[in-house]
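Novice: Below is the file data_25.cif, with mmCIF, C-alpha atoms (C1' of nucleotides).
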```
data_final
loop_
_atom_site.label_atom_id
_atom_site.label_comp_id
_atom_site.auth_asym_id
_atom_site.auth_seq_id
_atom_site.Cartn_x
_atom_site.Cartn_y
_atom_site.Cartn_z
CA MET A 43 0.00 0.00 0.00
CA ASP A 44 1.52 3.25 -1.10
CA ALA A 45 1.41 5.65 1.84
CA THR A 46 2.22 8.68 -0.29
CA THR A 47 -1.07 8.66 -2.17
CA PRO A 48 -3.55 6.95 0.11
CA THR A 49 -6.65 8.42 -1.48
CA ALA A 50 -5.81 7.22 -4.96
CA THR A 51 -5.49 3.58 -4.00
CA THR A 52 -9.10 2.53 -4.12
CA GLU A 53 -12.16 4.31 -5.40
CA LEU A 54 -15.17 3.54 -3.25
CA GLY A 55 -17.22 2.44 -6.24
CA HIS A 56 -14.66 -0.06 -7.43
CA GLY A 57 -14.11 -1.47 -3.96
CA LEU A 58 -17.82 -1.84 -3.37
CA ASP A 59 -18.23 -3.45 -6.75
CA VAL A 60 -15.64 -6.13 -6.08
CA VAL A 61 -16.84 -6.83 -2.57
CA VAL A 62 -20.51 -6.97 -3.49
CA LYS A 63 -19.91 -9.20 -6.50
CA SER A 64 -17.90 -11.56 -4.36
CA PHE A 65 -20.51 -11.44 -1.64
CA LEU A 66 -23.49 -12.17 -3.88
CA ALA A 67 -21.67 -14.88 -5.80
CA THR A 68 -20.67 -16.58 -2.55
CA VAL A 69 -24.18 -16.27 -1.14
CA ASP A 70 -25.89 -18.10 -3.93
CA ALA A 71 -23.04 -20.58 -4.17
CA VAL A 72 -23.68 -21.43 -0.53
CA ASP A 73 -27.48 -21.35 -0.90
CA LEU A 74 -29.04 -20.10 2.30
CA GLY A 75 -31.92 -22.53 2.03
CA LEU A 76 -34.42 -19.69 2.05
CA PRO A 77 -36.99 -18.66 -0.56
CA GLY A 78 -36.14 -15.35 -2.15
CA GLY A 79 -32.42 -15.76 -1.67
CA HIS A 80 -30.66 -12.95 0.10
CA ARG A 81 -33.83 -10.87 0.12
CA GLY A 82 -35.68 -13.60 1.96
CA TYR A 83 -32.86 -13.51 4.49
CA LYS A 84 -33.15 -9.77 4.86
CA ILE A 85 -36.88 -10.01 5.45
CA LEU A 86 -36.55 -12.70 8.10
CA ARG A 87 -33.77 -10.77 9.74
CA PHE A 88 -35.80 -7.59 9.82
CA VAL A 89 -38.94 -9.30 11.10
CA GLU A 90 -36.94 -10.96 13.85
CA GLY A 91 -35.50 -7.63 14.92
CA SER A 92 -38.82 -5.82 15.02
CA THR A 93 -41.95 -7.91 15.19
CA CYS A 94 -45.47 -7.05 14.07
CA GLN A 95 -44.45 -5.19 10.95
CA SER A 96 -46.78 -4.60 8.07
CA GLN A 97 -45.59 -5.50 4.59
CA ILE A 98 -45.30 -1.92 3.52
CA ARG A 99 -43.05 -1.00 6.43
CA ILE A 100 -40.80 -3.94 5.67
CA ALA A 101 -40.77 -2.91 2.04
CA ALA A 102 -39.85 0.66 2.91
CA ALA A 103 -37.13 -0.41 5.32
CA LEU A 104 -35.62 -2.84 2.84
CA GLY A 105 -36.02 -0.63 -0.19
CA VAL A 106 -38.11 -3.02 -2.27
CA ASP A 107 -41.37 -2.34 -4.07
CA ARG A 108 -44.60 -3.19 -2.26
CA THR A 109 -45.80 -5.36 -5.16
CA VAL A 110 -42.60 -7.35 -4.93
CA MET A 111 -43.01 -7.72 -1.20
CA THR A 112 -46.31 -9.50 -1.83
CA TYR A 113 -44.83 -12.51 -3.56
CA LEU A 114 -41.68 -12.53 -1.44
CA ILE A 115 -43.86 -12.94 1.64
CA ASP A 116 -45.94 -15.44 -0.34
CA GLU A 117 -42.93 -17.70 -0.71
CA LEU A 118 -41.83 -17.33 2.89
CA GLU A 119 -45.34 -18.04 4.11
CA GLN A 120 -45.70 -21.04 1.82
CA ALA A 121 -42.46 -22.40 3.24
CA GLY A 122 -43.89 -22.00 6.71
CA LEU A 123 -41.28 -19.50 7.85
CA VAL A 124 -43.57 -16.54 8.51
CA THR A 125 -47.25 -15.99 9.17
CA ARG A 126 -49.60 -13.36 7.83
CA ARG A 127 -52.39 -12.17 10.10
CA PRO A 128 -54.64 -9.15 9.84
CA ASP A 129 -53.63 -6.33 12.14
CA PRO A 130 -56.44 -5.98 14.71
CA GLN A 131 -55.79 -2.25 14.83
CA ASP A 132 -55.83 -1.87 11.04
CA ARG A 133 -57.38 -4.75 9.16
CA ARG A 134 -56.01 -3.53 5.86
CA ALA A 135 -52.52 -4.35 7.02
CA ARG A 136 -51.04 -7.82 7.52
CA LEU A 137 -48.70 -8.40 10.44
CA ILE A 138 -45.74 -10.57 9.54
CA ASP A 139 -44.30 -12.79 12.25
CA LEU A 140 -41.63 -15.45 12.37
CA THR A 141 -42.70 -19.01 13.02
CA ASP A 142 -40.54 -21.32 15.09
CA ALA A 143 -39.40 -22.96 11.88
CA GLY A 144 -38.58 -19.52 10.52
CA ARG A 145 -36.45 -18.79 13.56
CA ASP A 146 -34.57 -22.04 13.10
CA ARG A 147 -33.95 -21.52 9.40
CA LEU A 148 -32.87 -17.96 10.06
CA ALA A 149 -30.35 -19.21 12.59
CA THR A 150 -28.78 -21.66 10.18
CA ALA A 151 -28.90 -19.11 7.38
CA ARG A 152 -27.12 -16.65 9.65
CA GLU A 153 -24.38 -19.19 10.28
CA ARG A 154 -23.93 -19.71 6.56
CA MET A 155 -23.90 -15.97 6.08
CA ALA A 156 -21.08 -15.78 8.59
CA GLN A 157 -19.18 -18.31 6.48
CA VAL A 158 -19.79 -16.11 3.47
CA GLU A 159 -18.40 -13.13 5.36
CA ARG A 160 -15.27 -15.02 6.32
CA HIS A 161 -14.74 -16.01 2.70
CA VAL A 162 -15.28 -12.53 1.32
CA LEU A 163 -13.09 -10.93 3.96
CA ALA A 164 -10.38 -13.59 3.81
CA GLY A 165 -7.83 -10.89 2.99
CA LEU A 166 -8.34 -9.16 6.34
CA ASP A 167 -7.21 -10.20 9.79
CA GLU A 168 -9.61 -10.24 12.70
CA GLY A 169 -8.86 -6.72 13.84
CA GLU A 170 -9.40 -5.36 10.37
CA VAL A 171 -12.72 -7.16 10.08
CA ASP A 172 -13.85 -5.45 13.27
CA GLN A 173 -12.60 -2.15 11.88
CA LEU A 174 -14.64 -2.63 8.73
CA ARG A 175 -17.70 -3.62 10.72
CA THR A 176 -17.38 -0.50 12.85
CA LEU A 177 -17.01 1.74 9.83
CA LEU A 178 -20.01 0.20 8.09
CA GLY A 179 -21.97 0.56 11.30
CA LYS A 180 -21.20 4.26 11.42
CA ILE A 181 -22.31 4.74 7.85
CA VAL A 182 -25.50 2.81 8.46
CA ALA A 183 -26.22 4.81 11.60
CA HIS A 184 -25.75 8.00 9.65
CA HIS A 185 -28.43 7.04 7.17
CA PRO A 186 -32.06 7.90 7.87
CA ASP A 187 -33.64 4.91 6.09
CA ASP A 188 -32.32 2.71 8.86
CA GLY A 189 -35.49 3.13 10.87
CA PRO A 190 -35.29 0.95 14.00
CA GLY A 191 -38.51 -0.99 13.90
CA PRO A 192 -40.96 -0.41 16.73
CA LEU A 193 -41.67 -3.55 18.67
CA CYS A 194 -45.17 -4.64 19.58
CA SER A 195 -46.24 -6.72 22.47
CA ILE A 196 -47.43 -10.00 21.04
CA SER A 197 -50.77 -9.92 22.77
CA GLY A 198 -53.11 -11.30 20.13
CA MET B 804 -21.91 1.10 19.63
CA ASP B 805 -22.06 -1.75 22.09
CA ALA B 806 -18.53 -2.78 22.94
CA THR B 807 -19.57 -6.02 24.59
CA THR B 808 -20.81 -7.62 21.38
CA PRO B 809 -18.76 -6.04 18.61
CA THR B 810 -19.48 -8.71 16.02
CA ALA B 811 -23.23 -8.39 16.33
CA THR B 812 -23.31 -4.69 15.56
CA THR B 813 -23.27 -4.85 11.80
CA GLU B 814 -23.59 -7.80 9.52
CA LEU B 815 -21.50 -7.36 6.41
CA GLY B 816 -24.48 -7.96 4.16
CA HIS B 817 -26.61 -5.33 5.77
CA GLY B 818 -23.83 -2.77 5.81
CA LEU B 819 -23.03 -3.41 2.17
CA ASP B 820 -26.69 -3.20 1.29
CA VAL B 821 -27.15 0.23 2.87
CA VAL B 822 -23.93 1.61 1.45
CA VAL B 823 -24.49 0.30 -2.04
CA LYS B 824 -28.09 1.48 -2.18
CA SER B 825 -27.01 4.92 -1.07
CA PHE B 826 -24.14 4.88 -3.54
CA LEU B 827 -26.22 3.87 -6.57
CA ALA B 828 -29.05 6.24 -5.69
CA THR B 829 -26.61 9.11 -5.37
CA VAL B 830 -24.85 8.20 -8.58
CA ASP B 831 -27.90 8.39 -10.76
CA ALA B 832 -29.18 11.41 -8.89
CA VAL B 833 -25.93 13.17 -9.81
CA ASP B 834 -25.89 11.78 -13.37
CA LEU B 835 -22.33 11.21 -14.47
CA GLY B 836 -23.06 12.41 -17.97
CA LEU B 837 -21.94 9.09 -19.41
CA PRO B 838 -23.86 6.53 -21.48
CA GLY B 839 -24.43 3.32 -19.59
CA GLY B 840 -24.46 5.01 -16.20
CA HIS B 841 -22.03 3.61 -13.67
CA ARG B 842 -21.08 0.78 -15.99
CA GLY B 843 -20.02 3.24 -18.62
CA TYR B 844 -17.86 4.85 -15.98
CA LYS B 845 -16.31 1.53 -15.03
CA ILE B 846 -15.48 0.79 -18.65
CA LEU B 847 -13.84 4.15 -19.26
CA ARG B 848 -11.94 3.83 -16.02
CA PHE B 849 -10.69 0.35 -16.91
CA VAL B 850 -9.73 1.34 -20.44
CA GLU B 851 -7.82 4.35 -19.13
CA GLY B 852 -5.90 2.16 -16.72
CA SER B 853 -4.96 -0.45 -19.26
CA THR B 854 -5.15 0.51 -22.90
CA CYS B 855 -5.63 -1.72 -25.93
CA GLN B 856 -8.10 -4.09 -24.33
CA SER B 857 -10.44 -6.27 -26.30
CA GLN B 858 -14.12 -6.25 -25.43
CA ILE B 859 -14.03 -9.71 -23.99
CA ARG B 860 -11.20 -8.87 -21.63
CA ILE B 861 -13.04 -5.81 -20.42
CA ALA B 862 -16.17 -7.89 -20.00
CA ALA B 863 -14.30 -10.52 -18.00
CA ALA B 864 -12.61 -7.93 -15.80
CA LEU B 865 -15.84 -6.11 -15.11
CA GLY B 866 -17.97 -9.20 -14.76
CA VAL B 867 -20.51 -8.39 -17.46
CA ASP B 868 -21.70 -10.59 -20.32
CA ARG B 869 -19.98 -10.19 -23.68
CA THR B 870 -23.30 -9.59 -25.43
CA VAL B 871 -23.98 -6.74 -23.03
CA MET B 872 -20.54 -5.33 -23.63
CA THR B 873 -21.39 -4.97 -27.30
CA TYR B 874 -24.09 -2.36 -26.84
CA LEU B 875 -22.36 -0.68 -23.91
CA ILE B 876 -19.38 -0.02 -26.15
CA ASP B 877 -21.83 0.95 -28.90
CA GLU B 878 -23.15 3.78 -26.77
CA LEU B 879 -19.73 4.95 -25.66
CA GLU B 880 -18.46 4.90 -29.23
CA GLN B 881 -21.53 6.73 -30.53
CA ALA B 882 -20.91 9.42 -27.91
CA GLY B 883 -17.36 9.73 -29.20
CA LEU B 884 -15.76 8.67 -25.93
CA VAL B 885 -14.00 5.52 -27.14
CA THR B 886 -12.86 4.09 -30.45
CA ARG B 887 -13.10 0.56 -31.80
CA ARG B 888 -10.33 -0.63 -34.08
CA PRO B 889 -9.44 -4.13 -35.24
CA ASP B 890 -6.49 -5.61 -33.40
CA PRO B 891 -3.70 -6.00 -36.02
CA GLN B 892 -2.50 -9.12 -34.18
CA ASP B 893 -5.97 -10.67 -34.00
CA ARG B 894 -8.52 -9.21 -36.37
CA ARG B 895 -11.39 -10.90 -34.58
CA ALA B 896 -10.84 -8.65 -31.59
CA ARG B 897 -11.55 -4.93 -31.35
CA LEU B 898 -9.17 -2.72 -29.39
CA ILE B 899 -10.97 -0.15 -27.28
CA ASP B 900 -9.23 3.16 -26.68
CA LEU B 901 -10.18 6.40 -25.01
CA THR B 902 -10.57 9.48 -27.18
CA ASP B 903 -9.52 12.89 -25.91
CA ALA B 904 -13.18 13.67 -25.32
CA GLY B 905 -13.48 10.41 -23.42
CA ARG B 906 -10.56 11.39 -21.21
CA ASP B 907 -12.18 14.74 -20.48
CA ARG B 908 -15.57 13.26 -19.68
CA LEU B 909 -13.95 10.62 -17.52
CA ALA B 910 -12.18 13.36 -15.56
CA THR B 911 -15.38 15.26 -14.85
CA ALA B 912 -17.23 12.03 -14.09
CA ARG B 913 -14.48 11.14 -11.65
CA GLU B 914 -14.93 14.46 -9.88
CA ARG B 915 -18.65 13.85 -9.57
CA MET B 916 -17.95 10.37 -8.33
CA ALA B 917 -15.76 11.90 -5.63
CA GLN B 918 -18.72 14.06 -4.63
CA VAL B 919 -20.84 10.94 -4.45
CA GLU B 920 -18.25 9.33 -2.19
CA ARG B 921 -18.23 12.32 0.14
CA HIS B 922 -22.00 12.18 0.36
CA VAL B 923 -22.19 8.45 1.01
CA LEU B 924 -19.39 8.57 3.57
CA ALA B 925 -20.63 11.74 5.27
CA GLY B 926 -20.82 9.87 8.56
CA LEU B 927 -17.06 9.24 8.61
CA ASP B 928 -14.24 11.65 9.30
CA GLU B 929 -11.27 11.88 6.99
CA GLY B 930 -9.16 9.35 8.83
CA GLU B 931 -11.96 6.83 8.82
CA VAL B 932 -12.48 7.31 5.10
CA ASP B 933 -8.83 6.47 4.55
CA GLN B 934 -9.24 3.45 6.82
CA LEU B 935 -12.18 2.23 4.77
CA ARG B 936 -10.31 2.79 1.53
CA THR B 937 -7.35 0.82 2.81
CA LEU B 938 -9.54 -2.06 3.93
CA LEU B 939 -11.38 -2.18 0.62
CA GLY B 940 -8.03 -2.06 -1.16
CA LYS B 941 -6.85 -5.08 0.77
CA ILE B 942 -9.98 -7.03 -0.06
CA VAL B 943 -9.69 -6.10 -3.73
CA ALA B 944 -6.03 -7.06 -3.78
CA HIS B 945 -6.91 -10.41 -2.28
CA HIS B 946 -9.32 -11.21 -5.10
CA PRO B 947 -8.02 -12.87 -8.25
CA ASP B 948 -10.48 -11.27 -10.72
CA ASP B 949 -8.70 -7.99 -10.21
CA GLY B 950 -6.34 -8.68 -13.08
CA PRO B 951 -4.17 -5.61 -13.66
CA GLY B 952 -4.56 -4.97 -17.35
CA PRO B 953 -1.46 -5.38 -19.51
CA LEU B 954 -0.55 -2.15 -21.26
CA CYS B 955 0.30 -1.99 -24.93
CA SER B 956 2.48 0.49 -26.68
CA ILE B 957 0.20 2.58 -28.82
CA SER B 958 2.16 2.09 -32.00
CA GLY B 959 -0.57 1.83 -34.61
"C1'" DT C 578 -75.10 8.36 9.71
"C1'" DA C 579 -73.11 9.36 4.99
"C1'" DC C 580 -69.53 10.52 2.17
"C1'" DA C 581 -64.75 11.69 0.26
"C1'" DG C 582 -60.13 10.82 0.16
"C1'" DA C 583 -56.20 8.18 1.61
"C1'" DT C 584 -53.93 3.76 2.58
"C1'" DC C 585 -52.68 -1.44 2.49
"C1'" DA C 586 -52.35 -5.52 0.02
"C1'" DT C 587 -53.15 -7.61 -4.28
"C1'" DC C 588 -53.59 -8.35 -9.23
"C1'" DT C 589 -52.71 -7.30 -14.09
"C1'" DG C 590 -50.25 -5.52 -17.92
"C1'" DT C 591 -46.35 -3.77 -19.86
"C1'" DC C 592 -41.65 -2.93 -20.49
"C1'" DA C 593 -36.68 -3.10 -19.98
"C1'" DG C 594 -32.65 -6.05 -19.20
"C1'" DC C 595 -30.19 -10.19 -19.39
"C1'" DC C 596 -28.56 -14.55 -21.09
"C1'" DA C 597 -28.49 -18.85 -24.25
"C1'" DG C 598 -27.90 -19.87 -28.83
"C1'" DA C 599 -26.84 -19.07 -33.60
"C1'" DC C 600 -23.92 -16.86 -36.85
"C1'" DA C 601 -19.87 -14.76 -39.67
"C1'" DA C 602 -15.12 -13.82 -39.49
"C1'" DT C 603 -10.84 -15.19 -37.86
"C1'" DC C 604 -7.14 -17.74 -35.44
"C1'" DT C 605 -4.62 -22.09 -34.22
"C1'" DG C 606 -3.04 -26.74 -34.67
"C1'" DG C 607 -2.63 -30.66 -37.35
"C1'" DC D 1393 -6.56 -27.30 -46.35
"C1'" DC D 1394 -9.53 -28.67 -42.67
"C1'" DA D 1395 -11.52 -29.01 -37.76
"C1'" DG D 1396 -12.18 -26.82 -33.69
"C1'" DA D 1397 -11.90 -22.75 -30.83
"C1'" DT D 1398 -12.49 -17.74 -30.22
"C1'" DT D 1399 -14.30 -12.76 -30.87
"C1'" DG D 1400 -17.92 -9.83 -31.68
"C1'" DT D 1401 -22.70 -9.45 -33.13
"C1'" DC D 1402 -27.57 -10.50 -33.60
"C1'" DT D 1403 -32.01 -12.73 -32.28
"C1'" DG D 1404 -35.47 -14.98 -29.24
"C1'" DG D 1405 -37.17 -16.14 -24.99
"C1'" DC D 1406 -37.32 -15.51 -20.20
"C1'" DT D 1407 -37.29 -13.22 -15.81
"C1'" DG D 1408 -38.04 -9.38 -12.89
"C1'" DA D 1409 -39.57 -4.82 -11.76
"C1'" DC D 1410 -42.61 -0.96 -11.74
"C1'" DA D 1411 -47.30 1.62 -13.07
"C1'" DG D 1412 -52.02 1.43 -12.65
"C1'" DA D 1413 -56.35 -0.42 -11.25
"C1'" DT D 1414 -59.11 -2.79 -7.66
"C1'" DG D 1415 -61.23 -4.26 -3.17
"C1'" DA D 1416 -61.21 -3.65 1.63
"C1'" DT D 1417 -60.46 -0.57 5.20
"C1'" DC D 1418 -59.33 3.65 7.84
"C1'" DT D 1419 -59.70 8.70 8.86
"C1'" DG D 1420 -61.83 13.00 8.80
"C1'" DT D 1421 -65.80 15.98 7.93
"C1'" DA D 1422 -70.37 17.31 7.92
#
```
Please re-express this file's structure in structure tokens.
Specialist:
Amino acid sequence: MDATTPTATTELGHGLDVVVKSFLATVDAVDLGLPGGHRGYKILRFVEGSTCQSQIRIAAALGVDRTVMTYLIDELEQAGLVTRRPDPQDRRARLIDLTDAGRDRLATARERMAQVERHVLAGLDEGEVDQLRTLLGKIVAHHPDDGPGPLCSISG
Amino acid sequence: MDATTPTATTELGHGLDVVVKSFLATVDAVDLGLPGGHRGYKILRFVEGSTCQSQIRIAAALGVDRTVMTYLIDELEQAGLVTRRPDPQDRRARLIDLTDAGRDRLATARERMAQVERHVLAGLDEGEVDQLRTLLGKIVAHHPDDGPGPLCSISG
DNA sequence: TACAGATCATCTGTCAGCCAGACAATCTGG
DNA sequence: CCAGATTGTCTGGCTGACAGATGATCTGTA
């Protein structure tokens, strides 16, 4: 690494491109065992973190179209990983919740995702991986779209 | 940032997702003024770095299909930013070179891309940006696909 | 109550983008 | 000279995403 011109070494776009390509390729080489691929994983992960979300809030948080969300949830529901139930407070909306099977599959998928991370970041030592994670965390925290989902007491 | 569970703070996938979404959205909000959007930029950037490349080598380096490369180069050529000429050593192949106009447009596009970077990384201070760049550089260097293009003496 | 407008999930239609396959021209090895 | 491989190009089919319409429901107003 040339210390004289540190800024010229790697353009952000190029770095992201390489990392993301490697990441996605590794993900569907590993096969998470979830419908919808990495988007199914993201949905399960989001629903686990903040329960009782309507489809449109998940869609907004994940940046996917609401019409796409419909059939993504369809697949997850058909696989028995999530449930749809009408929101008692707003019967237009459907509350999405993880089933026990969904929690299990998410756990194994998360393990495989950790393997993917190790593969993609094989060029970094452990301290550098933590560095990267911290930096990404700061960027994420600085972005507004990262709405922390409001929890709901599972009363119904 | 919870120091007790540093690994749980940010999954690589989620961090990449947020950063890439922000990056792409900002890129086409800024409009680089290049045909093909960010892929056009990548092509120009690659051709600048290693001249006299055939389309298939560019396609392989950038990870796009060769049939897609055809019309991407079409647009760049039609805009007068690159030239196609038959390789004297292998007349099947077309050597892609930057025109002077292409060099100019690449320069301005690179400036705008730097603006995009500053916007995406607004949550980081300067030292952290350098950190991130270094880490990405290491990951890129660790990946084989990053073939440094062989230069050719522009004799013809 | 009645009504208008907005919202959530869904369905349909349309449209762009991508890849497999075919093809002509060319190179390489026998 | 011929067979097979390679480069760039073209075509057809397929997938995926978004726009718009629709039904059910909520909110606000009178």
Novice: Would you compute the distance between atom CA of A:Gln157 and atom CA of A:Arg175? Give it in Å to one decimal.
Specialist: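 Between atom CA of A:Gln157 and atom CA of A:Arg175 the gap is 15.4 Å.
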Novice: As a ChimeraX atom specification, please: the residues near stretch 586-602 of chain C (cut-off 10 Å, only C-alpha atoms (C1' of nucleotides), same-chain neighbours under 3 positions excluded).
Specialist: /A:96-98,108-109,111-113,134-136 /B:868-871,894-895 /D:1399-1416
Novice: Return as lines of an AutoDock Vina configuration file the box centre and box size in Å, one decimal, for an axis-aligned box around all listed atoms of stretch 1408-1415 of chain D padded by 8 Å per side.
Specialist:
```
center_x = -49.6
center_y = -3.9
center_z = -8.1
size_x = 39.2
size_y = 27.0
size_z = 25.9
```
Novice: Up to 7 Å from (-11.0, 1.5, -27.3) in the file's coordinates: name the residues, counting only C-alpha atoms (C1' of nucleotides), as a list of chain:residue names.
Specialist: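 Every residue inside that radius is included here: B:Val850, B:Cys855, B:Gln856, B:Val885, B:Thr886, B:Arg887, B:Leu898, B:Ile899, B:Asp900, B:Leu901.
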Novice: Should the cut-off be 6 Å, what would the residue list for chain A against chain B look like, counting all atoms listed in the file, as JSON, numbers by chain?
Specialist: {"A": [52, 57, 165, 175, 178, 179, 181, 184]}
Novice: In Å, with one decimal, what is the gap from atom CA of B:Gly840 to atom CA of A:Gly82?
Specialist: 28.3 Å
Novice: Work out how far atom CA of A:Val106 is from atom CA of A:Ala121, in Å to one decimal.
Specialist: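 Result for atom CA of A:Ala121 versus atom CA of A:Val106: 20.6 Å, one decimal.
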Novice: Would you pick out the contacts of B:Asp903 at 10 Å or less, using all atoms listed in the file, so that residues sharing its chain but fewer than 5 positions from it are not included, and give the list as a PDB file with C-alpha atoms, keeping the file's coordinate frame?
Specialist:
```
ATOM      1  CA  GLY B 883     -17.360   9.730 -29.200  1.00  0.00           C
ATOM      2  CA  LEU B 884     -15.760   8.670 -25.930  1.00  0.00           C
ATOM      3  CA  VAL B 885     -14.000   5.520 -27.140  1.00  0.00           C
ATOM      4  CA  ARG B 908     -15.570  13.260 -19.680  1.00  0.00           C
ATOM      5  CA  LEU B 909     -13.950  10.620 -17.520  1.00  0.00           C
TER       6      LEU B 909
END
```
Novice: Identify, on the basis of all atoms listed in the file, every residue whose closest approach to D:DA1395 does not exceed 12 Å; exclude the query and any residue fewer than 2 positions from it along the same chain; express the result as a list of chain:residue names.
Specialist: C:DT605, C:DG606, C:DG607, D:DC1393, D:DA1397
